[in-house]
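Chemist: Would you mind keeping the following structure in view while I ask a few things?
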Amino acid sequence: MKGLEWSRTLGILSIANSQHVASDAAVNLLGPGGARLLTLVMILSALGSLHVNFLTRPRILYAMARDHQFLTFAKRIQPTFHSPSGALLIHCLLAAVLVLTGTFEEIYSLGIFSIWIFVGLTAVSLIRLRKKDPALLRPYRTWGYPWTPLMVTAVAFALSANLWLLRPVRSSIGLAVILLGVPSFRRLQTRTSDSPIEPAASAGA
């Protein structure tokens, strides 16, 4: 439906030759001032998404490092603000590498391809956990189980497969990085299997 609306606004040829379809459509519909306002809204939305990611994802690395499942550096805590400084620095470095090695479309395809794989694997892990530990206390149960996680798995893997068909080179690089992480994770598990798990520290914002 959205593609049909854009085709009415810009025309098929304009869409085919445009590198910024949404921006061009906004100029036609709202004028230059409206397009600038839309750009500002999109920037604010991106900053909000970035803020959420920096609040959540480094803490995953921090928790893994604390449980001896990731690099020890990632469990460092900033003494004043009590934020996971080591994990934040790792995320910043990885983001810088991505920005310097591809266009927005390439980075988007690489990131989204990998993200949807893990969304599907998360749904699969829910089903596996139900079978492995059926008596585990579960304050919240997934609505429509097992059909909802199965639907999430199917959609997630379908999106990843579609992205791979559209951008096979970049998506294959993302898949290779994921597969290289498996032996590295196993090695860390073997090396630290006898180490005690540390109590959780305070990792504030």
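Every chain in the structure tokens has a letter given in the order shown (A, B, ...), and although residue numbers restart at 1 in each chain, ligands are simply numbered from 1 in the order shown.
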I'd like the neighbourhood of Thr56 of chain A as a ChimeraX atom specification, where a residue qualifies if any of its atoms comes within 12 Å (using only C-alpha atoms), though same-chain residues fewer than 2 positions away should be ignored.
Modeler: /A:49-54,58-63,83-84,87-88,91,203-205
Chemist: Output C-alpha atoms for every residue in that selection, as an mmCIF file, in the first residue's frame.
Modeler:
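New file again_33.cif:
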data_model
loop_
_atom_site.group_PDB
_atom_site.id
_atom_site.type_symbol
_atom_site.label_atom_id
_atom_site.label_comp_id
_atom_site.auth_asym_id
_atom_site.auth_seq_id
_atom_site.Cartn_x
_atom_site.Cartn_y
_atom_site.Cartn_z
ATOM 1 C CA SER A 49 16.411 4.041 19.025
ATOM 2 C CA LEU A 50 20.155 4.568 19.547
ATOM 3 C CA HIS A 51 19.543 5.466 23.199
ATOM 4 C CA VAL A 52 17.536 2.280 23.788
ATOM 5 C CA ASN A 53 20.210 0.142 22.128
ATOM 6 C CA PHE A 54 22.993 1.656 24.215
ATOM 7 C CA PRO A 58 26.051 -3.483 26.217
ATOM 8 C CA ARG A 59 24.491 -4.899 29.374
ATOM 9 C CA ILE A 60 24.075 -8.236 27.609
ATOM 10 C CA LEU A 61 27.838 -8.333 27.010
ATOM 11 C CA TYR A 62 28.391 -7.224 30.605
ATOM 12 C CA ALA A 63 26.222 -10.043 31.949
ATOM 13 C CA SER A 83 27.747 2.041 33.760
ATOM 14 C CA PRO A 84 29.244 -0.978 31.939
ATOM 15 C CA ALA A 87 30.917 -3.299 27.108
ATOM 16 C CA LEU A 88 30.006 0.216 25.945
ATOM 17 C CA HIS A 91 29.959 -1.567 21.137
ATOM 18 C CA ALA A 203 25.282 -1.300 36.306
ATOM 19 C CA GLY A 204 23.389 1.951 36.162
ATOM 20 C CA ALA A 205 22.689 4.226 33.242
#
Chemist: Output as a tab-separated table one row per residue of segment 69-139 of chain A within 9 Å of segment 165-183 of chain A: the closest atom pair and its distance in Å to one decimal place, counting only C-alpha atoms, sorted by chain and residue number ascending.
Modeler:
residue	atom	partner	partner_atom	distance
A:Glu106	CA	A:Arg170	CA	6.5
A:Ile107	CA	A:Arg170	CA	8.2
A:Ser109	CA	A:Ser171	CA	6.7
A:Leu110	CA	A:Ser171	CA	5.3
A:Gly111	CA	A:Gly174	CA	7.5
A:Phe113	CA	A:Ser171	CA	6.3
A:Ser114	CA	A:Gly174	CA	6.2
